[in-house]
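> My file is upload.pdb. It has PDB, C-alpha atoms:
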```pdb
ATOM      1  CA  MET A   1      28.475 -18.465  -0.262
ATOM      2  CA  GLY A   2      29.390 -14.917   0.738
ATOM      3  CA  SER A   3      27.439 -13.083  -1.918
ATOM      4  CA  SER A   4      24.029 -14.587  -1.172
ATOM      5  CA  CYS A   5      24.307 -13.884   2.540
ATOM      6  CA  LYS A   6      25.971 -10.476   2.124
ATOM      7  CA  ALA A   7      23.480  -9.236  -0.450
ATOM      8  CA  LEU A   8      20.544 -10.240   1.709
ATOM      9  CA  PHE A   9      22.179  -8.649   4.764
ATOM     10  CA  PHE A  10      22.714  -5.259   3.115
ATOM     11  CA  CYS A  11      19.330  -5.194   1.347
ATOM     12  CA  THR A  12      17.491  -6.146   4.536
ATOM     13  CA  LEU A  13      19.319  -3.497   6.567
ATOM     14  CA  ALA A  14      18.656  -0.804   3.963
ATOM     15  CA  LEU A  15      14.943  -1.621   3.837
ATOM     16  CA  GLY A  16      14.644  -1.939   7.608
ATOM     17  CA  LYS A  17      16.365   1.407   8.210
ATOM     18  CA  LYS A  18      13.940   3.122   5.821
ATOM     19  CA  TRP A  19      10.926   1.552   7.507
ATOM     20  CA  ILE A  20      12.201   2.413  10.981
ATOM     21  CA  ALA A  21      12.901   6.022   9.988
ATOM     22  CA  ARG A  22       9.373   6.327   8.540
ATOM     23  CA  LYS A  23       7.830   4.460  11.492
ATOM     24  CA  GLN A  24       6.380   2.128   8.867
ATOM     25  CA  PRO A  25       5.511  -1.460   9.787
ATOM     26  CA  GLY A  26       6.406  -4.223   7.376
ATOM     27  CA  THR A  27       7.178  -7.857   6.766
ATOM     28  CA  ILE A  28      10.289  -9.416   5.271
ATOM     29  CA  LEU A  29      10.134 -13.013   4.077
ATOM     30  CA  ASN A  30      13.389 -14.872   3.491
ATOM     31  CA  ILE A  31      13.524 -18.208   1.720
ATOM     32  CA  VAL A  32      16.075 -20.742   2.909
ATOM     33  CA  ALA A  33      16.764 -24.377   2.121
ATOM     34  CA  SER A  34      15.449 -26.990   4.514
ATOM     35  CA  TYR A  35      18.999 -28.182   5.200
ATOM     36  CA  ALA A  36      19.852 -24.799   6.794
ATOM     37  CA  SER A  37      18.005 -25.786   9.959
ATOM     38  CA  ALA A  38      19.957 -26.975  12.973
ATOM     39  CA  ASN A  39      17.729 -30.066  13.010
ATOM     40  CA  SER A  40      18.899 -31.420   9.679
ATOM     41  CA  GLY A  41      21.933 -31.847   7.523
ATOM     42  CA  SER A  42      22.706 -32.841   3.997
ATOM     43  CA  GLY A  43      25.875 -33.855   2.243
ATOM     44  CA  PHE A  44      27.561 -32.092  -0.657
ATOM     45  CA  VAL A  45      25.898 -28.709  -0.043
ATOM     46  CA  VAL A  46      28.290 -27.238   2.515
ATOM     47  CA  PRO A  47      28.712 -23.737   0.982
ATOM     48  CA  SER A  48      24.988 -23.361   0.391
ATOM     49  CA  ALA A  49      24.129 -24.721   3.843
ATOM     50  CA  CYS A  50      26.491 -22.185   5.450
ATOM     51  CA  ALA A  51      24.971 -19.296   3.511
ATOM     52  CA  LYS A  52      21.389 -20.388   4.222
ATOM     53  CA  ALA A  53      22.150 -20.915   7.915
ATOM     54  CA  GLY A  54      23.500 -17.346   7.954
ATOM     55  CA  VAL A  55      20.256 -16.106   6.391
ATOM     56  CA  LEU A  56      18.286 -18.013   9.015
ATOM     57  CA  ALA A  57      20.361 -16.507  11.852
ATOM     58  CA  LEU A  58      19.983 -13.013  10.357
ATOM     59  CA  THR A  59      16.216 -13.487  10.114
ATOM     60  CA  ARG A  60      15.885 -14.683  13.704
ATOM     61  CA  SER A  61      18.105 -11.951  15.136
ATOM     62  CA  LEU A  62      16.508  -9.060  13.250
ATOM     63  CA  ALA A  63      13.037 -10.395  14.069
ATOM     64  CA  VAL A  64      13.852  -9.870  17.748
ATOM     65  CA  GLU A  65      15.546  -6.484  17.226
ATOM     66  CA  TRP A  66      12.914  -4.992  14.928
ATOM     67  CA  ALA A  67       9.769  -6.359  16.610
ATOM     68  CA  ARG A  68       9.438  -3.136  18.615
ATOM     69  CA  HIS A  69       9.276  -1.250  15.300
ATOM     70  CA  HIS A  70       6.449  -3.518  14.086
ATOM     71  CA  ILE A  71       8.674  -5.100  11.448
ATOM     72  CA  ARG A  72       8.259  -8.857  11.144
ATOM     73  CA  LEU A  73      10.876 -11.146   9.657
ATOM     74  CA  ASN A  74      10.102 -14.721   8.734
ATOM     75  CA  ALA A  75      11.904 -17.472   6.887
ATOM     76  CA  ILE A  76      10.398 -20.357   5.017
ATOM     77  CA  ALA A  77      12.219 -23.507   3.973
ATOM     78  CA  PRO A  78      10.103 -25.129   1.287
ATOM     79  CA  GLY A  79      12.346 -28.145   0.679
ATOM     80  CA  ARG A  80      11.102 -30.746  -1.740
ATOM     81  CA  SER A  81       7.443 -30.232  -2.394
ATOM     82  CA  PRO A  82       4.723 -31.297  -4.783
ATOM     83  CA  LEU A  83       4.276 -29.220  -7.923
ATOM     84  CA  LYS A  84       1.258 -27.406  -6.449
ATOM     85  CA  ALA A  85       3.277 -26.062  -3.481
ATOM     86  CA  HIS A  86       6.186 -25.201  -5.784
ATOM     87  CA  GLY A  87       3.786 -23.116  -7.878
ATOM     88  CA  LEU A  88       2.675 -21.241  -4.767
ATOM     89  CA  VAL A  89       6.263 -20.382  -3.829
ATOM     90  CA  CYS A  90       6.972 -19.232  -7.394
ATOM     91  CA  CYS A  91       3.833 -17.082  -7.297
ATOM     92  CA  LEU A  92       4.949 -15.528  -3.993
ATOM     93  CA  LEU A  93       8.389 -14.808  -5.435
ATOM     94  CA  LYS A  94       6.916 -13.120  -8.513
ATOM     95  CA  ASP A  95       4.701 -10.987  -6.275
ATOM     96  CA  LEU A  96       7.676  -9.991  -4.108
ATOM     97  CA  GLU A  97       9.737  -9.113  -7.185
ATOM     98  CA  GLU A  98       6.934  -6.939  -8.525
ATOM     99  CA  ARG A  99       6.521  -5.178  -5.183
ATOM    100  CA  ALA A 100      10.271  -4.550  -5.037
ATOM    101  CA  ARG A 101      10.245  -3.050  -8.540
ATOM    102  CA  ASN A 102       7.310  -0.799  -7.667
ATOM    103  CA  TYR A 103       8.761   0.210  -4.290
ATOM    104  CA  HIS A 104      10.947   2.968  -5.739
ATOM    105  CA  ARG A 105       8.300   4.389  -8.068
TER     106      ARG A 105
END
```
Rewrite the structure from the file as structure tokens, please.


Amino acid sequence: MGSSCKALFFCTLALGKKWIARKQPGTILNIVASYASANSGSGFVVPSACAKAGVLALTRSLAVEWARHHIRLNAIAPGRSPLKAHGLVCCLLKDLEERARNYHR
């Protein structure tokens, strides 16, 4: 529970601080489970739900704080989806991973 939320917290802050220092706009997309929303609940996923709810709160709070720096934060909660939508999410994740690898080059 702690590692997924902590890792995202520190990575997001590090990236945001760089963008703010450079006056560079950007977008951060976080992926959470649908059961992280305050409007739903699900049994037997308590640790994951807590971590994902933390990610959702982090996303919402930083979106407000960093809007003046032209940094957008969004969260998507794909939930159960048909194979076609799942493929789209996987494609987005691969693209984000590639961008992250190329960021430091």

> Might you spell out which residues the PyMOL selection byres ((chain A and resi 9-12) around 12) would select in the displayed file, as an MDAnalysis selection string?

chainID A and resid 2:8 13:20 26:30 51:52 54:59 61:63 66 71:73 100

> Pick the closest to Ala49 of chain A from A:Arg22, A:Ala77, A:Leu96, A:Glu65: which is it, counting only C-alpha atoms?

A:Ala77

> Measure the distance from atom CA of His69 of chain A to atom CA of Pro25 of chain A in Å and round it to one decimal.

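Here the two named atoms are 6.7 Å from each other.
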
> Quote the spacing between atom CA of Asp95 of chain A and atom CA of Ile76 of chain A in Å to one decimal place.

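Going from atom CA of Asp95 of chain A over to atom CA of Ile76 of chain A, I get 15.7 Å.
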
> Could you state the separation of atom CA of Ile31 of chain A and atom CA of Ser48 of chain A in Å, given to one decimal place?

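Interatomic distance here is 12.6 Å.
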
> Applying 8 Å and all atoms listed in the file, which residues near Pro78 of chain A remain after dropping the ones on its own chain fewer than 6 positions away? List them as a list of chain:residue names.

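My list of contacting residues is A:Ile31, A:Val32, A:Ala33, A:Ser34, A:Val89.
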